[in-house]
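*Asks:* Got a structure for you, input-v3.tsv, holding TSV, C-alpha atoms.
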```
chain	number	residue	atom	x	y	z
A	1	MET	CA	111.27	41.15	118.13
A	2	ASP	CA	111.63	43.64	120.95
A	3	GLU	CA	111.23	40.99	123.62
A	4	PRO	CA	114.44	40.36	125.55
A	5	LEU	CA	116.43	37.14	125.68
A	6	ASN	CA	116.58	36.02	129.32
A	7	LEU	CA	119.45	33.86	130.47
A	8	VAL	CA	119.37	32.17	133.86
A	9	LEU	CA	122.99	31.33	134.63
A	10	PHE	CA	123.41	28.56	137.19
A	11	SER	CA	126.76	27.00	136.32
A	12	GLY	CA	129.95	28.85	137.14
A	13	THR	CA	132.51	26.94	135.10
A	14	ASP	CA	134.45	28.87	132.49
A	15	ASP	CA	133.21	26.81	129.54
A	16	LYS	CA	129.50	27.33	130.30
A	17	LEU	CA	130.04	31.00	131.10
A	18	GLN	CA	131.89	31.41	127.80
A	19	ALA	CA	128.99	29.76	125.96
A	20	ALA	CA	126.61	32.14	127.74
A	21	ALA	CA	128.78	35.15	126.92
A	22	VAL	CA	128.86	34.23	123.23
A	23	LEU	CA	125.08	33.86	123.14
A	24	THR	CA	124.78	37.23	124.89
A	25	ALA	CA	127.18	39.02	122.55
A	26	GLY	CA	125.47	37.53	119.50
A	27	ALA	CA	122.05	38.69	120.66
A	28	ALA	CA	123.37	42.14	121.59
A	29	ALA	CA	124.98	42.48	118.17
A	30	LEU	CA	121.59	41.78	116.60
A	31	GLY	CA	119.97	44.49	118.72
A	32	LYS	CA	118.15	42.14	121.07
A	33	PRO	CA	118.08	43.15	124.75
A	34	VAL	CA	119.50	40.51	127.08
A	35	ASN	CA	118.66	40.00	130.76
A	36	ILE	CA	120.98	37.76	132.76
A	37	PHE	CA	119.95	36.34	136.13
A	38	LEU	CA	122.80	34.89	138.23
A	39	GLN	CA	122.13	31.96	140.53
A	40	TYR	CA	124.28	29.65	142.62
A	41	TRP	CA	127.74	28.91	141.22
A	42	ALA	CA	127.40	31.34	138.34
A	43	LEU	CA	126.86	34.12	140.86
A	44	GLU	CA	129.95	33.00	142.76
A	45	SER	CA	132.02	33.37	139.60
A	46	PHE	CA	130.96	37.05	139.39
A	47	ARG	CA	132.48	37.91	142.78
A	48	ALA	CA	134.81	40.88	142.37
A	49	ASP	CA	137.67	39.02	144.01
A	50	ARG	CA	137.23	35.89	141.88
A	51	ILE	CA	135.97	36.89	138.43
A	52	GLY	CA	139.46	36.76	136.93
A	53	ARG	CA	140.32	33.36	138.38
A	54	ASP	CA	140.17	29.92	136.82
A	55	HIS	CA	136.67	28.58	137.53
A	56	GLY	CA	137.25	25.14	136.12
A	57	LEU	CA	135.39	23.35	133.36
A	58	ALA	CA	132.56	20.84	133.17
A	59	PRO	CA	133.87	17.44	134.37
A	60	GLU	CA	133.41	15.95	130.91
A	61	ALA	CA	135.98	18.36	129.43
A	62	GLY	CA	138.81	16.03	130.39
A	63	PRO	CA	142.52	16.82	130.03
A	64	ALA	CA	142.34	17.34	126.24
A	65	GLY	CA	139.45	19.77	126.63
A	66	ARG	CA	141.27	21.64	129.36
A	67	GLN	CA	144.34	21.91	127.15
A	68	ALA	CA	142.26	23.23	124.24
A	69	VAL	CA	140.67	25.91	126.42
A	70	GLN	CA	144.05	26.96	127.83
A	71	ASP	CA	145.59	27.13	124.36
A	72	LEU	CA	142.81	29.41	123.13
A	73	ALA	CA	143.16	31.68	126.15
A	74	ARG	CA	146.91	31.94	125.58
A	75	ALA	CA	146.25	32.73	121.91
A	76	GLY	CA	144.35	35.79	123.11
A	77	GLN	CA	140.70	34.72	123.18
A	78	ALA	CA	138.65	37.14	125.27
A	79	SER	CA	137.53	35.70	128.60
A	80	TRP	CA	133.79	35.38	129.22
A	81	ALA	CA	133.95	38.44	131.47
A	82	GLU	CA	135.59	40.49	128.72
A	83	THR	CA	133.06	39.22	126.18
A	84	LEU	CA	130.23	40.29	128.48
A	85	ARG	CA	131.81	43.73	128.96
A	86	GLN	CA	131.99	44.12	125.19
A	87	ALA	CA	128.39	42.96	124.84
A	88	LYS	CA	127.34	45.66	127.32
A	89	ASP	CA	129.05	48.28	125.15
A	90	LEU	CA	127.39	46.89	122.03
A	91	GLY	CA	123.82	46.61	123.22
A	92	SER	CA	121.40	46.39	126.09
A	93	VAL	CA	122.64	43.77	128.55
A	94	ASP	CA	121.39	43.82	132.15
A	95	ILE	CA	122.97	41.47	134.69
A	96	GLN	CA	121.15	40.84	137.97
A	97	ALA	CA	122.08	38.65	140.93
A	98	CYS	CA	119.35	36.38	142.34
A	99	SER	CA	118.58	37.59	145.87
A	100	LEU	CA	118.12	34.04	147.18
A	101	SER	CA	121.55	33.05	145.89
A	102	MET	CA	123.05	36.21	147.44
A	103	ASP	CA	121.74	34.98	150.80
A	104	LEU	CA	122.99	31.45	150.18
A	105	LEU	CA	126.50	32.64	149.45
A	106	HIS	CA	126.48	35.39	152.13
A	107	LEU	CA	127.21	38.09	149.55
A	108	ASP	CA	126.55	41.83	149.60
A	109	ASP	CA	126.30	44.12	146.56
A	110	GLY	CA	129.84	45.29	147.25
A	111	ASP	CA	131.18	41.77	146.80
A	112	LEU	CA	130.20	41.63	143.13
A	113	ASP	CA	132.08	42.67	140.02
A	114	PRO	CA	130.80	45.93	138.43
A	115	LEU	CA	129.49	43.82	135.54
A	116	VAL	CA	126.56	43.02	137.83
A	117	ASP	CA	123.94	45.78	137.68
A	118	GLY	CA	121.91	44.86	140.74
A	119	VAL	CA	120.13	42.24	142.83
A	120	GLU	CA	116.56	41.11	142.27
A	121	GLY	CA	114.13	38.33	143.15
A	122	VAL	CA	112.63	35.79	140.81
A	123	THR	CA	109.39	37.79	140.47
A	124	ALA	CA	111.28	40.81	139.16
A	125	PHE	CA	113.17	38.51	136.81
A	126	TYR	CA	109.90	37.23	135.30
A	127	ILE	CA	108.45	40.71	135.01
A	128	ASN	CA	111.53	41.98	133.18
A	129	ALA	CA	111.55	38.85	130.99
A	130	GLY	CA	108.10	39.73	129.67
A	131	GLU	CA	107.20	37.42	126.82
A	132	GLY	CA	110.86	36.91	125.92
A	133	GLN	CA	112.55	33.55	125.92
A	134	ILE	CA	114.08	32.02	129.02
A	135	VAL	CA	117.22	29.93	128.63
A	136	PHE	CA	118.79	28.08	131.57
A	137	ILE	CA	122.53	27.54	131.33
B	1	MET	CA	103.53	27.09	114.92
B	2	ASP	CA	105.97	27.16	112.02
B	3	GLU	CA	108.76	28.58	114.13
B	4	PRO	CA	111.60	26.10	114.69
B	5	LEU	CA	112.74	24.62	117.97
B	6	ASN	CA	116.38	25.59	118.49
B	7	LEU	CA	118.59	23.41	120.63
B	8	VAL	CA	122.02	24.59	121.72
B	9	LEU	CA	123.90	21.44	122.71
B	10	PHE	CA	126.82	22.06	125.01
B	11	SER	CA	127.17	18.79	126.95
B	12	GLY	CA	128.60	15.74	125.26
B	13	THR	CA	127.64	12.98	127.67
B	14	ASP	CA	125.45	10.20	126.32
B	15	ASP	CA	122.58	10.85	128.75
B	16	LYS	CA	122.18	14.53	127.84
B	17	LEU	CA	122.59	13.80	124.13
B	18	GLN	CA	119.94	11.08	124.42
B	19	ALA	CA	117.58	13.56	126.11
B	20	ALA	CA	118.27	16.04	123.31
B	21	ALA	CA	117.70	13.38	120.65
B	22	VAL	CA	114.34	12.41	122.17
B	23	LEU	CA	113.22	16.07	122.27
B	24	THR	CA	114.35	16.41	118.64
B	25	ALA	CA	112.57	13.28	117.45
B	26	GLY	CA	109.38	14.27	119.27
B	27	ALA	CA	109.36	17.71	117.70
B	28	ALA	CA	110.14	16.30	114.26
B	29	ALA	CA	107.30	13.78	114.60
B	30	LEU	CA	104.94	16.69	115.29
B	31	GLY	CA	106.13	18.48	112.15
B	32	LYS	CA	108.16	21.13	113.94
B	33	PRO	CA	111.49	22.07	112.34
B	34	VAL	CA	114.48	21.65	114.66
B	35	ASN	CA	117.79	23.51	114.49
B	36	ILE	CA	120.66	22.10	116.52
B	37	PHE	CA	123.77	24.16	117.29
B	38	LEU	CA	126.75	22.17	118.59
B	39	GLN	CA	129.16	23.77	121.04
B	40	TYR	CA	132.07	22.57	123.12
B	41	TRP	CA	131.83	18.96	124.35
B	42	ALA	CA	128.66	18.21	122.40
B	43	LEU	CA	130.52	19.09	119.22
B	44	GLU	CA	133.36	16.79	120.24
B	45	SER	CA	130.89	13.91	120.55
B	46	PHE	CA	129.89	14.43	116.89
B	47	ARG	CA	133.42	13.79	115.61
B	48	ALA	CA	133.28	11.10	112.94
B	49	ASP	CA	135.91	9.03	114.71
B	50	ARG	CA	134.19	9.23	118.09
B	51	ILE	CA	130.43	9.39	117.60
B	52	GLY	CA	130.00	5.67	118.24
B	53	ARG	CA	132.10	5.64	121.40
B	54	ASP	CA	131.04	5.78	125.03
B	55	HIS	CA	130.92	9.50	125.95
B	56	GLY	CA	130.21	8.96	129.62
B	57	LEU	CA	127.30	10.19	131.69
B	58	ALA	CA	126.66	13.13	133.99
B	59	PRO	CA	128.64	12.62	137.21
B	60	GLU	CA	125.44	12.29	139.23
B	61	ALA	CA	124.43	9.15	137.30
B	62	GLY	CA	126.47	6.97	139.63
B	63	PRO	CA	127.06	3.24	139.21
B	64	ALA	CA	123.34	2.33	139.28
B	65	GLY	CA	122.56	4.91	136.62
B	66	ARG	CA	125.41	3.69	134.47
B	67	GLN	CA	124.16	0.12	134.79
B	68	ALA	CA	120.62	1.17	133.82
B	69	VAL	CA	121.87	2.96	130.71
B	70	GLN	CA	124.02	-0.01	129.70
B	71	ASP	CA	121.14	-2.44	130.22
B	72	LEU	CA	118.87	-0.40	127.97
B	73	ALA	CA	121.55	-0.18	125.27
B	74	ARG	CA	122.01	-3.96	125.39
B	75	ALA	CA	118.24	-4.40	125.15
B	76	GLY	CA	118.42	-2.61	121.80
B	77	GLN	CA	117.60	1.03	122.59
B	78	ALA	CA	118.65	3.26	119.71
B	79	SER	CA	121.69	5.41	120.49
B	80	TRP	CA	121.27	9.18	120.42
B	81	ALA	CA	123.03	9.27	117.06
B	82	GLU	CA	120.60	6.72	115.62
B	83	THR	CA	117.65	8.61	117.10
B	84	LEU	CA	118.89	11.81	115.44
B	85	ARG	CA	119.31	10.00	112.10
B	86	GLN	CA	115.72	8.78	112.35
B	87	ALA	CA	114.53	12.28	113.28
B	88	LYS	CA	116.22	13.63	110.15
B	89	ASP	CA	114.28	11.09	108.06
B	90	LEU	CA	111.04	12.02	109.81
B	91	GLY	CA	111.18	15.77	109.63
B	92	SER	CA	113.27	18.88	109.18
B	93	VAL	CA	116.31	18.66	111.45
B	94	ASP	CA	119.34	20.82	110.71
B	95	ILE	CA	122.55	20.28	112.70
B	96	GLN	CA	125.23	22.98	112.65
B	97	ALA	CA	128.58	23.15	114.40
B	98	CYS	CA	129.46	26.39	116.18
B	99	SER	CA	132.43	27.94	114.36
B	100	LEU	CA	134.04	29.15	117.60
B	101	SER	CA	133.94	25.64	119.04
B	102	MET	CA	135.39	24.24	115.79
B	103	ASP	CA	138.38	26.55	116.35
B	104	LEU	CA	138.62	25.62	120.02
B	105	LEU	CA	138.76	21.92	119.23
B	106	HIS	CA	140.92	22.33	116.08
B	107	LEU	CA	138.31	20.62	113.91
B	108	ASP	CA	137.65	20.83	110.17
B	109	ASP	CA	134.40	19.97	108.41
B	110	GLY	CA	135.86	16.63	107.42
B	111	ASP	CA	136.32	15.66	111.04
B	112	LEU	CA	132.58	15.62	111.72
B	113	ASP	CA	130.02	12.86	111.34
B	114	PRO	CA	127.71	13.27	108.30
B	115	LEU	CA	124.88	13.99	110.75
B	116	VAL	CA	126.33	17.51	110.94
B	117	ASP	CA	125.07	19.65	108.06
B	118	GLY	CA	127.50	22.52	108.32
B	119	VAL	CA	129.36	25.09	110.39
B	120	GLU	CA	127.95	28.49	111.34
B	121	GLY	CA	128.48	31.36	113.74
B	122	VAL	CA	126.19	32.47	116.51
B	123	THR	CA	124.67	35.24	114.36
B	124	ALA	CA	123.55	32.72	111.74
B	125	PHE	CA	122.18	30.57	114.54
B	126	TYR	CA	120.00	33.42	115.80
B	127	ILE	CA	118.83	34.33	112.32
B	128	ASN	CA	117.80	30.74	111.61
B	129	ALA	CA	116.15	30.50	115.04
B	130	GLY	CA	113.80	33.34	114.14
B	131	GLU	CA	111.17	33.71	116.81
B	132	GLY	CA	111.40	30.02	117.74
B	133	GLN	CA	112.35	28.81	121.16
B	134	ILE	CA	115.94	28.36	122.27
B	135	VAL	CA	116.74	25.49	124.62
B	136	PHE	CA	120.25	25.02	126.08
B	137	ILE	CA	121.15	21.43	126.93
C	1	MET	CA	100.30	35.23	128.72
C	2	ASP	CA	98.18	32.14	129.24
C	3	GLU	CA	100.78	29.84	127.72
C	4	PRO	CA	102.44	27.58	130.28
C	5	LEU	CA	106.10	27.55	131.28
C	6	ASN	CA	107.47	24.09	130.53
C	7	LEU	CA	110.44	22.82	132.47
C	8	VAL	CA	112.29	19.69	131.38
C	9	LEU	CA	114.18	18.53	134.45
C	10	PHE	CA	117.14	16.30	133.69
C	11	SER	CA	119.52	16.87	136.60
C	12	GLY	CA	118.73	15.41	139.99
C	13	THR	CA	121.13	17.30	142.23
C	14	ASP	CA	119.62	19.37	145.03
C	15	ASP	CA	121.01	22.68	143.78
C	16	LYS	CA	119.53	22.38	140.28
C	17	LEU	CA	116.24	21.08	141.64
C	18	GLN	CA	116.13	24.02	144.07
C	19	ALA	CA	116.72	26.42	141.18
C	20	ALA	CA	113.91	24.72	139.25
C	21	ALA	CA	111.58	24.87	142.26
C	22	VAL	CA	112.21	28.61	142.71
C	23	LEU	CA	111.49	29.26	139.02
C	24	THR	CA	108.32	27.17	139.36
C	25	ALA	CA	107.12	28.92	142.50
C	26	GLY	CA	107.81	32.34	141.00
C	27	ALA	CA	105.83	31.54	137.86
C	28	ALA	CA	102.98	30.02	139.89
C	29	ALA	CA	102.84	33.13	142.07
C	30	LEU	CA	102.44	35.23	138.93
C	31	GLY	CA	99.55	33.04	137.79
C	32	LYS	CA	101.45	31.26	135.03
C	33	PRO	CA	100.74	27.52	134.62
C	34	VAL	CA	103.85	25.35	134.87
C	35	ASN	CA	104.37	21.91	133.33
C	36	ILE	CA	107.31	19.88	134.60
C	37	PHE	CA	108.64	16.88	132.68
C	38	LEU	CA	111.00	14.61	134.64
C	39	GLN	CA	113.78	12.77	132.85
C	40	TYR	CA	116.75	10.70	133.92
C	41	TRP	CA	118.35	11.71	137.23
C	42	ALA	CA	115.71	14.29	138.05
C	43	LEU	CA	113.09	11.55	137.87
C	44	GLU	CA	115.17	9.38	140.16
C	45	SER	CA	115.17	12.17	142.76
C	46	PHE	CA	111.33	12.08	142.78
C	47	ARG	CA	111.21	8.42	143.89
C	48	ALA	CA	109.00	8.17	146.98
C	49	ASP	CA	111.72	6.39	148.90
C	50	ARG	CA	114.42	8.90	148.02
C	51	ILE	CA	112.84	12.34	147.64
C	52	GLY	CA	113.85	13.37	151.18
C	53	ARG	CA	117.45	12.24	150.84
C	54	ASP	CA	120.57	14.19	150.03
C	55	HIS	CA	120.91	14.14	146.22
C	56	GLY	CA	124.28	15.85	146.07
C	57	LEU	CA	125.24	19.03	144.29
C	58	ALA	CA	126.82	19.91	140.98
C	59	PRO	CA	130.53	18.95	141.11
C	60	GLU	CA	131.56	22.60	140.85
C	61	ALA	CA	129.88	23.42	144.18
C	62	GLY	CA	132.98	22.33	146.07
C	63	PRO	CA	133.26	22.09	149.85
C	64	ALA	CA	132.41	25.78	150.45
C	65	GLY	CA	129.29	25.52	148.32
C	66	ARG	CA	128.22	22.35	150.09
C	67	GLN	CA	128.69	24.07	153.44
C	68	ALA	CA	126.62	27.07	152.30
C	69	VAL	CA	123.76	24.83	151.15
C	70	GLN	CA	123.82	22.85	154.40
C	71	ASP	CA	123.85	26.02	156.49
C	72	LEU	CA	120.79	27.35	154.68
C	73	ALA	CA	118.95	24.05	155.12
C	74	ARG	CA	119.72	24.08	158.85
C	75	ALA	CA	118.49	27.67	159.04
C	76	GLY	CA	115.11	26.40	157.85
C	77	GLN	CA	115.12	26.95	154.08
C	78	ALA	CA	112.38	24.91	152.44
C	79	SER	CA	113.68	21.95	150.44
C	80	TRP	CA	112.96	21.88	146.71
C	81	ALA	CA	110.26	19.29	147.31
C	82	GLU	CA	108.56	21.53	149.87
C	83	THR	CA	108.86	24.52	147.53
C	84	LEU	CA	107.20	22.52	144.76
C	85	ARG	CA	104.40	21.43	147.13
C	86	GLN	CA	103.79	25.08	148.02
C	87	ALA	CA	103.86	26.05	144.34
C	88	LYS	CA	101.18	23.42	143.66
C	89	ASP	CA	99.00	25.03	146.35
C	90	LEU	CA	99.61	28.48	144.91
C	91	GLY	CA	98.97	27.84	141.26
C	92	SER	CA	98.69	25.36	138.43
C	93	VAL	CA	101.74	23.08	138.49
C	94	ASP	CA	101.60	19.72	136.72
C	95	ILE	CA	104.48	17.27	137.15
C	96	GLN	CA	104.82	14.36	134.72
C	97	ALA	CA	107.40	11.60	134.52
C	98	CYS	CA	108.89	10.85	131.09
C	99	SER	CA	107.79	7.36	130.09
C	100	LEU	CA	111.16	6.54	128.49
C	101	SER	CA	112.98	7.45	131.70
C	102	MET	CA	110.50	5.35	133.72
C	103	ASP	CA	111.57	2.38	131.59
C	104	LEU	CA	115.25	3.22	131.91
C	105	LEU	CA	115.05	3.32	135.69
C	106	HIS	CA	112.63	0.37	135.97
C	107	LEU	CA	110.06	2.48	137.81
C	108	ASP	CA	106.29	2.08	138.19
C	109	ASP	CA	103.81	4.83	139.07
C	110	GLY	CA	103.73	3.54	142.63
C	111	ASP	CA	107.45	4.20	143.03
C	112	LEU	CA	107.04	7.95	142.68
C	113	ASP	CA	106.33	10.63	145.24
C	114	PRO	CA	102.74	11.99	145.17
C	115	LEU	CA	104.15	15.28	143.84
C	116	VAL	CA	104.27	13.52	140.47
C	117	ASP	CA	100.87	13.69	138.74
C	118	GLY	CA	101.42	11.06	136.06
C	119	VAL	CA	103.55	9.56	133.32
C	120	GLU	CA	103.59	10.76	129.72
C	121	GLY	CA	105.62	10.55	126.53
C	122	VAL	CA	107.44	13.36	124.81
C	123	THR	CA	104.60	13.91	122.34
C	124	ALA	CA	102.14	14.58	125.15
C	125	PHE	CA	104.70	16.90	126.71
C	126	TYR	CA	104.89	18.97	123.53
C	127	ILE	CA	101.12	19.06	123.12
C	128	ASN	CA	100.65	20.28	126.69
C	129	ALA	CA	103.47	22.79	126.24
C	130	GLY	CA	101.55	24.46	123.41
C	131	GLU	CA	103.30	27.66	122.41
C	132	GLY	CA	104.73	28.11	125.90
C	133	GLN	CA	108.42	28.29	126.60
C	134	ILE	CA	110.57	25.21	127.12
C	135	VAL	CA	113.43	25.41	129.61
C	136	PHE	CA	115.86	22.52	130.11
C	137	ILE	CA	117.43	22.30	133.55
```
Could you render the structure as structure tokens?
*Replies:*
Amino acid sequence: MDEPLNLVLFSGTDDKLQAAAVLTAGAAALGKPVNIFLQYWALESFRADRIGRDHGLAPEAGPAGRQAVQDLARAGQASWAETLRQAKDLGSVDIQACSLSMDLLHLDDGDLDPLVDGVEGVTAFYINAGEGQIVFI
Amino acid sequence: MDEPLNLVLFSGTDDKLQAAAVLTAGAAALGKPVNIFLQYWALESFRADRIGRDHGLAPEAGPAGRQAVQDLARAGQASWAETLRQAKDLGSVDIQACSLSMDLLHLDDGDLDPLVDGVEGVTAFYINAGEGQIVFI
Amino acid sequence: MDEPLNLVLFSGTDDKLQAAAVLTAGAAALGKPVNIFLQYWALESFRADRIGRDHGLAPEAGPAGRQAVQDLARAGQASWAETLRQAKDLGSVDIQACSLSMDLLHLDDGDLDPLVDGVEGVTAFYINAGEGQIVFI
């Protein structure tokens, strides 16, 4: 029960990040701690200078899917970044950047949005995950 | 042992849905309950008027991959929808649409294939998941 | 603690396989057994005649992402295949091809790189997974 939910975010498109944010907010609302580990293109989407941009959708979304997502955003749906901020207020949500992906993308701590709490390696990720579930998104 | 396997289906391409259906059927055959939660493009593929259509493949499949999938279908391989129907006969498989994705795609219950048992929010998903594993596909 | 980590690899692009290899190596370094089950395009990337090739990246990588990955490879980063070989030396890592995907891709055991330890069905995968976590990549 007290074990955290551990999300490894790899994809940086807005649809997958929204799905991840909803899973995070739902777990936080139920009192479950959530650890998020940002790799590759997900990490890139958390750059301070890019977090508010359009990060595209999965290729399969197609024009109708794109339209549906845009309509919902215009109707006032919270972005994934806003949903994550709310989840952090609600519960225990820790967001860490993968150190290997930081190197890959030539990023420093200062390049990341304040949503990101720090940088860690995969060993630290596993230690913090404990016996909790690991979900790759 | 009695904890369910919980699959969050996000992708709606036929290759990922086939992989999900095989994991579902295998778990059902071993007596493990399976909960499936349909989001985004996976949910769209369960629309009654579209479930039998070609939903494409992951972009990386390429022409040779596409040919291989078509050959197997022509040789009589069960579609992912058929595999899920068989899994429901075999064991305990519950398929729920994510209410947020229903809104996104402007869908009502009546728009979905009878394989889908209902609509629920992420909180209900977590409560039904219990301590069972969560796999995002 | 003694339960294995079970990775179902579906995607065959170099970025996702690198992410999977890092998760594998990290778990192996911590003494956790890892079972890897290769499906679809991931299996194709383990063909003996193709494992050393460029397998592309997720579409969202874009030109800047591709450049970053190439730069790191030129700077001497181990490929995912090398990382998996090292993980096998470090700990208990078992890599099995999904028998259904072998059929799909018309592959025999002899077509696969020696990193792959065998071929099994989904039932065997679940039995070997025991109560350990399942992560789909």
*Asks:* Please compute the atom CA of Asp108 of chain A-atom CA of Gln133 of chain A distance, one decimal, in Å.
*Replies:*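 Taking atom CA of Asp108 of chain A as the start and atom CA of Gln133 of chain A as the end point, the length is 28.7 Å.
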*Asks:* Considering only C-alpha atoms, can you say which of A:Tyr40, A:Ser99, A:Asp14, A:Leu9 comes closest to Leu57 of chain A?
*Replies:* A:Asp14
*Asks:* Which residue, C:Val69, C:Ala48, C:Ala58, C:Ala25, has the smallest gap to chain B when you use all atoms listed in the file?
*Replies:*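 Closest residue, counting all atoms listed in the file: C:Ala58.
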*Asks:* With a distance cut-off of 12 Å and only C-alpha atoms, select the neighbouring residues of Ser101 of chain C, excluding the residue or stretch itself and same-chain residues fewer than 6 positions from it, and output the selection as a list in words.
*Replies:*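 Result of the neighbour search: Asp15, Gln18, Ala19, Val22, Gly65, Ala68, Val69 and Leu72 of chain B; Leu9, Phe10, Phe37, Leu38, Gln39, Tyr40, Trp41, Ala42, Leu43, Glu44, Leu107, Asp108, Val119, Glu120, Gly121 and Val122 of chain C.
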*Asks:* Quick one: which chain B residues come within 10 Å of chain C, and what is the nearest atom pair for each with the distance in Å to one decimal, counting all atoms listed in the file, rows ordered by chain and ascending number, as CSV?
*Replies:*
```
residue,atom,partner,partner_atom,distance
B:Met1,CA,C:Glu131,CA,7.5
B:Glu3,CA,C:Glu131,CA,10.0
B:Leu5,CA,C:Ile134,CA,9.4
B:Leu7,CA,C:Phe136,CA,9.9
B:Asp15,CA,C:Tyr40,CA,7.8
B:Lys16,CA,C:Phe10,CA,7.9
B:Ala19,CA,C:Gln39,CA,7.8
B:Ala20,CA,C:Phe136,CA,9.7
B:Val22,CA,C:Val122,CA,7.4
B:Leu23,CA,C:Val122,CA,6.9
B:Thr24,CA,C:Val122,CA,9.8
B:Ala25,CA,C:Val122,CA,9.0
B:Gly26,CA,C:Thr123,CA,5.7
B:Ala27,CA,C:Tyr126,CA,7.5
B:Ala29,CA,C:Thr123,CA,8.2
B:Leu30,CA,C:Thr123,CA,7.6
B:Ala58,CA,C:Ser11,CA,8.5
B:Pro59,CA,C:Pro59,CA,7.7
B:Glu60,CA,C:Thr13,CA,7.3
B:Ala61,CA,C:Trp41,CA,6.6
B:Gly62,CA,C:Trp41,CA,9.7
B:Ala64,CA,C:Leu105,CA,9.1
B:Gly65,CA,C:Leu105,CA,7.7
B:Gln67,CA,C:Leu105,CA,9.7
B:Ala68,CA,C:Leu104,CA,6.1
B:Val69,CA,C:Leu104,CA,6.7
B:Gln70,CA,C:Leu104,CA,9.6
B:Asp71,CA,C:Leu104,CA,8.3
B:Leu72,CA,C:Leu104,CA,6.5
B:Ala73,CA,C:Leu104,CA,9.8
B:Gln77,CA,C:Leu104,CA,9.9
B:Gly132,CA,C:Gln133,CA,9.5
B:Gln133,CA,C:Gln133,CA,6.7
B:Ile134,CA,C:Ile134,CA,7.9
B:Val135,CA,C:Val135,CA,6.0
B:Phe136,CA,C:Phe136,CA,6.5
B:Ile137,CA,C:Phe136,CA,6.3
```
*Asks:* Distance atom CA of Ala28 of chain B-atom CA of Asp117 of chain C, one decimal place?
*Replies:*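 A separation of 26.3 Å between them.
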*Asks:* Show me a table, sorted first by chain and then by increasing residue number, of the residues of segment 108-134 of chain B having an atom at most 10 Å from segment 83-94 of chain B, each with its shortest atom pair and the distance in Å to one decimal, counting only C-alpha atoms and written as a Markdown table.
*Replies:*
```
| residue | atom | partner | partner_atom | distance |
| --- | --- | --- | --- | --- |
| B:Pro114 | CA | B:Arg85 | CA | 9.8 |
| B:Leu115 | CA | B:Arg85 | CA | 7.0 |
| B:Val116 | CA | B:Asp94 | CA | 7.7 |
| B:Asp117 | CA | B:Asp94 | CA | 6.4 |
| B:Gly118 | CA | B:Asp94 | CA | 8.7 |
```
*Asks:* Could you work out how far atom CA of Ala21 of chain A lies from atom CA of Arg50 of chain B, giving the answer in Å with one decimal?
*Replies:*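 Distance between the two atoms: 27.9 Å.
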